[in-house]
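Trainee: The structure under discussion is supplied below as structure tokens; questions concerning it will follow.
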Amino acid sequence: MATKLIGERIKRKEDPRLITGTASYVDDIKLPNVHHVAFLRSIYGHAKINKIDVSEARKLPGVVAVLTHDDIKGVLKPMPCVGGVPDMHTPEHYPLSGGKVRFVGEAIAAVVANDRYVARDALDLINVDYEPLPVVVDMEKALEKGAPLLYEEYGENRGFTWKISGGDIDKAFQEADRVVKLRLVNQRVAPIPLETRAVLAQYQDRGVEGELTVWTSTQIPHGIRTSIAGMLNLPEHRVRVIAPEVGGGFGCKVDFYGEEVLIPYLAMKLKVPVKWVEGRRENIQATDHGRDQINYIEAAVKNDGTVVGLRVKVLADMGAYYQLLSPVIPTLTGLMMCGPYKISNVSMEVLGVFTNKMATDAYRGAGRPEATYLLERTMDAIAAELNLDPVEVRMKNFIQPNEFPYKTATGLVYDSGNYQAALQKALDHVGYTKLREEQKKLREQGQYVGIGISSYVEICAFGPSAATATGGWESATVRIEPTGKVTVLTGSSPHGQGQETTFAQIVADGLGLTMEDITVQHGDTAVVQYGIGTFGSRATAVGGTAVYLALQKVKEKATKFAAHMLKVDSKGLVFRDGKIFPENNPEKSVTLTEVALAAYLAKDLPPDTEPGLVATAFYEPKNFTFPFGTHIAVVDIDPETGQIKFRRYVAVDDCGNIINMLTVHGQVHGGIAQGLGQALYEEVVYDENGQLLTGSFMDYCIPKAHHLPKFELDYTVTPTNVNPLGVKGVGEAGTIGSTPAVVNAVIDALAHLGVRNIDMPLKPEKIWKTIKEHAPKKGPIIVA
Amino acid sequence: MIPAAFEYLVPTTLDEALSALSTHTDAKILAGGHSLIPAMKLRLASPKYLIDISRISDLNYVRESGGQILIGAGTTHYQIESSTLLKEKCPLLTETAPYIGDVQVRNRGTLGGSLAHADPAADWPAAILAVGAEINVRSSRGERTLKAEDFFVDMMTTALQPNEILTEIRIPIPPQRTGSAYEKVKQPASGFALVGVAVQITLDTNRTCQRVQVGITGLAPKPFRAIGVENMLKGKVINDQLLAQAAEKAADGVDPLSDIHASAEYRSHLARVHTKRALQRAVSRI
Ligand SMILES: Cc1cc2nc3c(=O)[nH]c(=O)nc-3n(C[C@H](O)[C@H](O)[C@H](O)COP(=O)(O)OP(=O)(O)OC[C@H]3O[C@@H](n4cnc5c(N)ncnc54)[C@H](O)[C@@H]3O)c2cc1C
């Protein structure tokens, strides 16, 4: 009997080429006579551009073109935003801005040269006459009367107001014993994929039917193709977009950037291949940022810890323009504001605010980490206020396992869950009761130990088309080749998730083949049928299900052929070890190779059956999925310096059925690293003049291996019935669960001093100052 | 991320390098390149000529001579880290080296390059001050020897003249009953020092402090000797309380740096705490 591959720890098919440096990213693709682009970007946070003089740059030998806004005005359309909300101000922005710039890093000129170095040298020859304008980088200040306006025509810096509510919030607050209030800053961070953005374009002018090929580092190649076709007025079937190896995206490559239009445009205009590879400084300046919310929270609670109502006002920093999905991101915070809790009365008001900064958009978790952060910080604040154990408050408010499917006050239907089990498993793993006793003892000795819990539920597997900005389905083709080997085409173009492995597992299991028999292809619109992409932890739950459905179709057909060849009834035929045979008569078998050959030679077709063995499925999910879990961090704080050290980090995640334990581990590891990075280290900082102070890795800290604790990972498995695989998604869980666990741990370590909150990133200096401020009240203090 | 054009020269002897340096204006010495190349990529530096001294074997050695340890300016961080001679005779240097960057950086970066670059957050300057080193520099017209304290002038500025090459670092071998320690608080993004404190202290058998040198980096625009700390300890019988009191003077009289990573106040505090810890560890090793 063949071993089952689903659920196994299978090493990734992708890794050998990644590890040996033989993978091809956009920058590795070499085309003859390629020309290079360098962008001149605004050095001011807000300024009028009186004049740009590019004449000297144009004269530099090797330079073939220098473009500014004037050259694309009327030629290129403004960049689209598909993630809009009702009644919003929608500013126009272009691949090259003119007239006014609104953030440092905004592109204002593009040089094309026959050499990357010449292109860069030419930037120094461009003269820009800037007239600096007053800058506003702080959202609260931006909303004040008299604040500098990014758009005079709107008369305000508010881009939109979006609201969600459920139940009777006013009544909840009337009935509450207490109201717990918090103001939390969820700071701006940068996604920092290791591969920066990169675009290469080639236009082959074949007389009438020219073809444009664009290589771009993206999570959504088909969407990019449709968008480029629309922006450049090209027939879509003559645009080919290829996402080759993509070195990480984390959401910032679910976007459609100005450079992705301008580079193809230049390749067509100049009739040479044109390439642009973003530098790291550009990446931190001009690739989507994430988070950047301020939350004003009011929780209506009963004295026993029951949360009866939650009212939140959110300021969401949009930056200077909307990118593809900017406004919709904070709405996910609203949708998920109930978290794993039975909070029947909720309301949230989100104000999208313009500031002189880069746009925010999707970043790993996209709106849900913010929801979990505000909830889990609030749960701890409630516990502190009522002098209850944080575990007790969570257990008291959790949705019960028998209440699924559960409809939340925000209108979502949670598919399945057992939040208690995940929390309990994490508590057992970390040895919670003993730890609390130890903490008490150590406190008496002047040592600060903190235990932080974060229970989350997230929304993923995006998603039913009706509820998503673009289509929410996914496509797959399973093609059994004449030799019985299998090619799988997926629309879920990956950027590090390992679909080549996990999808191969699904197909290998279904057809009774080995991993080596399957190849998964993706990312090339000329090869793969239209697809949506990889984001929102959807690849396996939506893309994998499409693969599964295509697999069933092709199996059905192969079964017909096998039955015809074996002269048996097609019912009861099984696929195993490369063969197809009646379950009760394994001797009477035919190999899949023989079946495939017969299907393609087509000499003796079964009745009403076409030749070939290919099937395609488009899977439209009927609901999202809702993974969950609990993370627990245990930290030591040096009271003298405020430095934090991890003692333990335990994560119990539940992503439904697990296809491959190794890839799940990998996702959780990376996710925790990024979430912990936000808690302790990461912050995009602009000064009050709009200058970016964290413009390189010398100043922007992504966590390195030595910053991270040992991850102790465990799982519970609560399958979903939304899809036949029972899988939920795990790409973002680590990021969502970890941030509040770490912050809760640090605050807990200082709780006896009366500390309630410190905003992220929890730099040692902030902790040291907080300790100093609270020091006079020595000894354990319970704050009411 | 793309430097401006430059000419690249590769002398194989020191004399050739010195003569190239005196002939070309706007030339820079290239050693390990781990400070200069990043600066050129950001176009913070755009020299017309690079004179690569990494092929000059005469600049690469660690040896003992006449009561001193001599280190060639081109010796890499890793060579220092793994030197058995230094580990035995001047362990402060082998203790400091692993705090610098990562393995790749330590395999290429050089002691001379780090000192000549004089980054206010670099690690070597603290240790070099604490071991009481002298620095030998040469030009085509001759040579001179400077005390480490006189070598560092200001932020990214040393006493080196444009036509001079730093050739050798000379360290007096510490006497018996000497202990040393390096304490570093890393700026999390860059890994450079928010504050680094290097201590070398010699006690007699009565635990009276015979000699003490405290070098501090990261705190001020240039690395410095914490004279206030040293003066409180010299000639005194050492105990924990005295060490703590002396450490309180670590930031006295300096103008501390302040940036998004740490305020002047916090840096000064870290300097005091880590001076105390470095002193305690150094003394415990005697
Ligand atoms: C990722 C990274 C992390 C790092 N982390 C740290 C850290 O944690 N701590 C730390 O201290 N440093 C760190 N560094 C810097 C590193 O130690 C450098 O190697 C060192 O500062 C410079 O030495 P170099 O040999 O590379 O000099 P180069 O970069 O070649 O030269 C630096 C400067 O010194 C001049 N110069 C070099 N040699 C001589 C000489 N013999 N005579 C006269 N002038 C000379 C050059 O002209 C140039 O101006 C890091 C560097 C990187 C890239």
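Just so we're on the same page: first chain in the structure tokens is A, next is B, and so on; residues restart at 1 for each chain, and ligands are numbered from 1 in the order they show up.
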List the spatial neighbours of A:Thr477 as a PDB file with C-alpha atoms, in the first residue's frame - criterion: any atom at most 10 Å away, only C-alpha atoms, same-chain residues fewer than 5 positions off excluded.

Mentor:
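Result written to out17.pdb:
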```
ATOM      1  CA  THR A 487       1.806  18.655 -14.789  1.00  0.00           C
ATOM      2  CA  VAL A 488      -0.230  20.819 -12.479  1.00  0.00           C
ATOM      3  CA  LEU A 489      -0.950  24.420 -13.375  1.00  0.00           C
ATOM      4  CA  THR A 490      -2.023  26.645 -10.518  1.00  0.00           C
ATOM      5  CA  GLY A 491      -3.273  30.184 -10.518  1.00  0.00           C
ATOM      6  CA  VAL A 520       3.613  22.197 -10.439  1.00  0.00           C
ATOM      7  CA  GLN A 521       3.854  25.201 -12.739  1.00  0.00           C
ATOM      8  CA  VAL A 528      -1.283  28.895 -16.690  1.00  0.00           C
ATOM      9  CA  GLN A 529      -4.993  29.567 -17.072  1.00  0.00           C
ATOM     10  CA  ALA A 546      -8.985  23.959  -7.109  1.00  0.00           C
ATOM     11  CA  VAL A 547      -6.168  21.462  -7.641  1.00  0.00           C
ATOM     12  CA  TYR A 548      -8.133  18.860  -5.722  1.00  0.00           C
ATOM     13  CA  LEU A 549     -11.245  19.461  -7.823  1.00  0.00           C
ATOM     14  CA  ALA A 550      -9.346  19.325 -11.113  1.00  0.00           C
ATOM     15  CA  LEU A 551      -7.732  16.154  -9.835  1.00  0.00           C
ATOM     16  CA  LYS A 553     -12.234  15.430 -12.751  1.00  0.00           C
ATOM     17  CA  VAL A 554      -9.147  13.996 -14.365  1.00  0.00           C
ATOM     18  CA  VAL A 614      -6.583  17.088 -18.728  1.00  0.00           C
ATOM     19  CA  ALA A 615      -8.997  18.811 -16.426  1.00  0.00           C
ATOM     20  CA  THR A 616      -9.362  22.328 -15.186  1.00  0.00           C
ATOM     21  CA  ALA A 617     -11.327  23.532 -12.204  1.00  0.00           C
ATOM     22  CA  PHE A 618     -12.290  26.966 -11.011  1.00  0.00           C
TER      23      PHE A 618
END
```

Trainee: Please extract the residues at most 6 Å from ligand 1, counting only C-alpha atoms and all ligand atoms, and provide them as a short mmCIF file (atom, residue, chain, number, x, y, z; two decimals) with N, CA and C atoms, in the first residue's frame, using the chain letters and residue numbers of this document.

Mentor:
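Output contents, as saved in out.cif:
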```cif
data_model
loop_
_atom_site.label_atom_id
_atom_site.label_comp_id
_atom_site.auth_asym_id
_atom_site.auth_seq_id
_atom_site.Cartn_x
_atom_site.Cartn_y
_atom_site.Cartn_z
N LYS B 28 41.46 57.01 -2.12
CA LYS B 28 41.14 56.42 -0.81
C LYS B 28 41.78 55.05 -0.72
N ILE B 29 42.24 54.76 0.48
CA ILE B 29 42.74 53.41 0.73
C ILE B 29 41.53 52.47 0.85
N LEU B 30 41.64 51.33 0.24
CA LEU B 30 40.61 50.29 0.40
C LEU B 30 41.26 49.12 1.13
N ALA B 31 40.73 48.80 2.30
CA ALA B 31 41.25 47.64 3.04
C ALA B 31 40.23 46.50 2.89
N GLY B 32 39.45 46.24 3.93
CA GLY B 32 38.43 45.19 3.80
C GLY B 32 37.22 45.66 3.01
N GLY B 33 37.08 46.96 2.88
CA GLY B 33 35.97 47.51 2.11
C GLY B 33 34.62 47.49 2.80
N HIS B 34 34.61 47.05 4.05
CA HIS B 34 33.30 46.88 4.70
C HIS B 34 32.74 48.14 5.33
N SER B 35 33.48 49.21 5.27
CA SER B 35 32.89 50.52 5.60
C SER B 35 32.89 51.39 4.36
N LEU B 36 33.97 51.33 3.61
CA LEU B 36 34.10 52.22 2.45
C LEU B 36 33.13 51.86 1.33
N ALA B 73 48.13 46.62 10.22
CA ALA B 73 46.83 47.28 10.02
C ALA B 73 45.88 46.46 9.17
N TYR B 99 32.22 40.44 18.56
CA TYR B 99 31.08 41.36 18.62
C TYR B 99 30.92 42.17 17.33
N ILE B 100 31.91 42.10 16.46
CA ILE B 100 31.85 42.90 15.24
C ILE B 100 31.09 42.16 14.16
N GLY B 101 30.02 42.79 13.67
CA GLY B 101 29.27 42.28 12.52
C GLY B 101 29.01 40.79 12.58
N VAL B 105 31.71 39.74 7.63
CA VAL B 105 32.33 41.04 7.92
C VAL B 105 33.69 40.82 8.56
N GLY B 109 36.87 42.58 7.02
CA GLY B 109 37.16 43.86 7.68
C GLY B 109 38.47 43.79 8.44
N THR B 110 39.16 44.91 8.50
CA THR B 110 40.49 44.94 9.13
C THR B 110 40.51 45.88 10.33
N GLY B 112 42.96 47.99 11.01
CA GLY B 112 43.37 49.31 10.53
C GLY B 112 42.23 50.06 9.89
N GLY B 113 41.43 49.34 9.11
CA GLY B 113 40.30 49.97 8.44
C GLY B 113 39.28 50.51 9.44
N SER B 114 39.03 49.73 10.45
CA SER B 114 38.06 50.16 11.45
C SER B 114 38.56 51.40 12.19
N ALA B 116 40.85 53.61 11.14
CA ALA B 116 40.94 54.75 10.22
C ALA B 116 39.57 55.31 9.90
N HIS B 117 38.56 54.45 9.86
CA HIS B 117 37.20 54.89 9.54
C HIS B 117 36.60 55.69 10.71
N ALA B 122 31.87 52.02 16.33
CA ALA B 122 32.68 50.83 16.05
C ALA B 122 33.20 50.24 17.36
N ASP B 123 33.51 48.96 17.33
CA ASP B 123 33.94 48.27 18.54
C ASP B 123 35.44 48.45 18.85
N TRP B 124 36.26 48.31 17.81
CA TRP B 124 37.71 48.32 18.07
C TRP B 124 38.21 49.52 18.85
N ILE B 165 49.20 56.25 5.60
CA ILE B 165 48.56 54.94 5.77
C ILE B 165 48.83 54.46 7.19
N LEU B 166 47.78 53.97 7.81
CA LEU B 166 47.95 53.36 9.13
C LEU B 166 48.60 52.00 8.89
N THR B 167 49.72 51.75 9.56
CA THR B 167 50.44 50.51 9.25
C THR B 167 50.41 49.50 10.39
N GLY B 191 23.69 46.45 14.39
CA GLY B 191 24.59 45.59 15.15
C GLY B 191 25.79 46.34 15.69
N PHE B 192 25.96 47.60 15.30
CA PHE B 192 27.04 48.42 15.86
C PHE B 192 26.70 48.71 17.33
#
```

Trainee: Near chain A, which residues of chain B fall within 12 Å when you count only C-alpha atoms, and what do they look like as a PyMOL selection string?

Mentor: chain B and resi 1-6+38-39+41-43+46+101-102+121+185-194+259-274+276-277

Trainee: Check stretch 33-231 of chain B with DSSP on the backbone and list each residue it calls strand (DSSP E), as number ranges by chain.

Mentor: B: 49-52, 62-65, 68-72, 134-139, 142-147, 152-154, 157-158, 165-172, 178-186, 193-203, 209-217, 224-225

Trainee: I'd like the neighbourhood of A:Gln499 as number ranges by chain, where a residue qualifies if any of its atoms comes within 10 Å (using only C-alpha atoms), though same-chain residues fewer than 2 positions away should be ignored.

Mentor: A: 12-14, 490, 492-497, 501-505, 520-522, 534, 539-540, 543-544, 663

Trainee: What does the file look like for those residues with N, CA and C atoms, as a CSV table (one decimal), in the first residue's frame?

Mentor:
```csv
chain,number,residue,atom,x,y,z
A,12,ARG,N,10.8,20.5,0.7
A,12,ARG,CA,10.3,21.2,-0.4
A,12,ARG,C,11.0,21.0,-1.7
A,13,LYS,N,10.3,20.8,-2.8
A,13,LYS,CA,10.9,20.6,-4.1
A,13,LYS,C,11.6,21.9,-4.5
A,14,GLU,N,11.2,23.0,-4.0
A,14,GLU,CA,11.7,24.3,-4.4
A,14,GLU,C,13.1,24.5,-3.8
A,490,THR,N,-1.2,26.0,-11.5
A,490,THR,CA,-2.0,26.6,-10.5
A,490,THR,C,-2.0,28.2,-10.7
A,492,SER,N,-2.5,30.1,-8.2
A,492,SER,CA,-1.9,30.6,-7.0
A,492,SER,C,-0.4,30.7,-7.1
A,493,SER,N,0.0,31.7,-7.8
A,493,SER,CA,1.4,31.9,-8.0
A,493,SER,C,2.1,32.2,-6.7
A,494,PRO,N,3.0,31.3,-6.3
A,494,PRO,CA,3.6,31.4,-5.0
A,494,PRO,C,4.8,32.4,-4.9
A,495,HIS,N,5.2,32.8,-3.7
A,495,HIS,CA,6.4,33.6,-3.5
A,495,HIS,C,7.1,33.1,-2.3
A,496,GLY,N,7.2,31.8,-2.1
A,496,GLY,CA,7.9,31.3,-1.0
A,496,GLY,C,7.1,30.3,-0.2
A,497,GLN,N,5.8,30.1,-0.5
A,497,GLN,CA,5.0,29.2,0.3
A,497,GLN,C,5.2,27.7,0.1
A,501,THR,N,5.4,21.9,-3.8
A,501,THR,CA,5.5,20.7,-2.9
A,501,THR,C,4.1,20.3,-2.5
A,502,THR,N,3.4,21.2,-1.8
A,502,THR,CA,2.1,20.8,-1.2
A,502,THR,C,1.1,20.4,-2.3
A,503,PHE,N,1.0,21.1,-3.4
A,503,PHE,CA,0.1,20.7,-4.5
A,503,PHE,C,0.5,19.3,-5.1
A,504,ALA,N,1.8,19.1,-5.2
A,504,ALA,CA,2.2,17.8,-5.7
A,504,ALA,C,1.8,16.7,-4.7
A,505,GLN,N,1.9,17.0,-3.4
A,505,GLN,CA,1.4,16.0,-2.5
A,505,GLN,C,0.0,15.6,-2.7
A,520,VAL,N,4.6,21.1,-10.6
A,520,VAL,CA,3.6,22.2,-10.4
A,520,VAL,C,4.2,23.4,-11.1
A,521,GLN,N,3.4,24.0,-12.0
A,521,GLN,CA,3.9,25.2,-12.7
A,521,GLN,C,2.9,26.4,-12.4
A,522,HIS,N,3.5,27.5,-12.4
A,522,HIS,CA,2.8,28.7,-12.0
A,522,HIS,C,3.5,30.0,-12.5
A,534,THR,N,-1.5,34.5,-4.8
A,534,THR,CA,-1.3,34.0,-3.4
A,534,THR,C,-1.2,35.2,-2.4
A,539,ALA,N,-3.6,30.1,-0.5
A,539,ALA,CA,-3.1,29.2,-1.5
A,539,ALA,C,-3.6,27.8,-1.4
A,540,THR,N,-3.5,27.2,-0.2
A,540,THR,CA,-3.9,25.8,0.0
A,540,THR,C,-5.4,25.7,0.0
A,543,GLY,N,-6.5,27.7,-3.6
A,543,GLY,CA,-5.8,27.1,-4.8
A,543,GLY,C,-5.6,25.6,-4.7
A,544,GLY,N,-5.4,25.1,-3.5
A,544,GLY,CA,-5.2,23.7,-3.3
A,544,GLY,C,-6.5,22.9,-3.5
A,663,THR,N,6.2,22.6,5.8
A,663,THR,CA,5.9,23.9,5.3
A,663,THR,C,5.1,24.7,6.3
```

Trainee: Could you go through stretch 130-328 of chain A and tell me which residues DSSP, when run on the backbone, assigns to alpha helix (DSSP H), listing them as a PyMOL selection string?

Mentor: chain A and resi 139-142+169-175+221-231+259-270+280-286

Trainee: Can I get the selected residues back with C-alpha atoms, as a tab-separated table (two decimals), in the first residue's frame?

Mentor:
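Full text of result_31.tsv as output:
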```
chain	number	residue	atom	x	y	z
A	139	MET	CA	-2.43	61.18	11.86
A	140	GLU	CA	-3.86	62.87	14.91
A	141	LYS	CA	-2.27	66.16	13.87
A	142	ALA	CA	-3.41	65.66	10.29
A	169	ILE	CA	-23.61	49.08	21.58
A	170	ASP	CA	-25.15	51.87	23.65
A	171	LYS	CA	-27.17	49.43	25.69
A	172	ALA	CA	-24.08	47.32	26.30
A	173	PHE	CA	-22.27	50.30	27.77
A	174	GLN	CA	-25.28	51.16	29.94
A	175	GLU	CA	-25.33	47.66	31.33
A	221	PRO	CA	0.62	37.80	-12.30
A	222	HIS	CA	-2.77	37.53	-13.98
A	223	GLY	CA	-4.12	40.61	-12.28
A	224	ILE	CA	-1.02	42.48	-13.39
A	225	ARG	CA	-1.57	41.34	-16.96
A	226	THR	CA	-5.15	42.59	-17.03
A	227	SER	CA	-4.07	45.85	-15.46
A	228	ILE	CA	-1.17	46.45	-17.85
A	229	ALA	CA	-3.40	45.69	-20.82
A	230	GLY	CA	-5.92	48.21	-19.55
A	231	MET	CA	-3.38	50.89	-18.72
A	259	GLU	CA	6.81	50.92	-12.15
A	260	GLU	CA	4.86	47.92	-13.44
A	261	VAL	CA	3.25	50.13	-16.06
A	262	LEU	CA	6.08	52.47	-16.77
A	263	ILE	CA	8.73	49.83	-17.52
A	264	PRO	CA	6.53	48.06	-20.11
A	265	TYR	CA	5.59	51.44	-21.53
A	266	LEU	CA	9.27	52.33	-21.93
A	267	ALA	CA	10.06	48.97	-23.54
A	268	MET	CA	7.34	49.64	-26.14
A	269	LYS	CA	8.28	53.23	-26.70
A	270	LEU	CA	12.03	52.69	-26.96
A	280	ARG	CA	16.82	48.55	-0.81
A	281	ARG	CA	16.51	52.27	-0.06
A	282	GLU	CA	13.85	52.61	-2.73
A	283	ASN	CA	12.18	49.53	-1.30
A	284	ILE	CA	11.86	51.06	2.14
A	285	GLN	CA	10.75	54.39	0.67
A	286	ALA	CA	8.39	53.39	-2.09
```

Trainee: Of the candidates A:Pro740, A:Arg206, A:Phe354, A:Ile192, which shows the shortest atom-to-atom distance to A:Ala147, using only C-alpha atoms?

Mentor: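 Closest to A:Ala147 of all the choices is A:Phe354.
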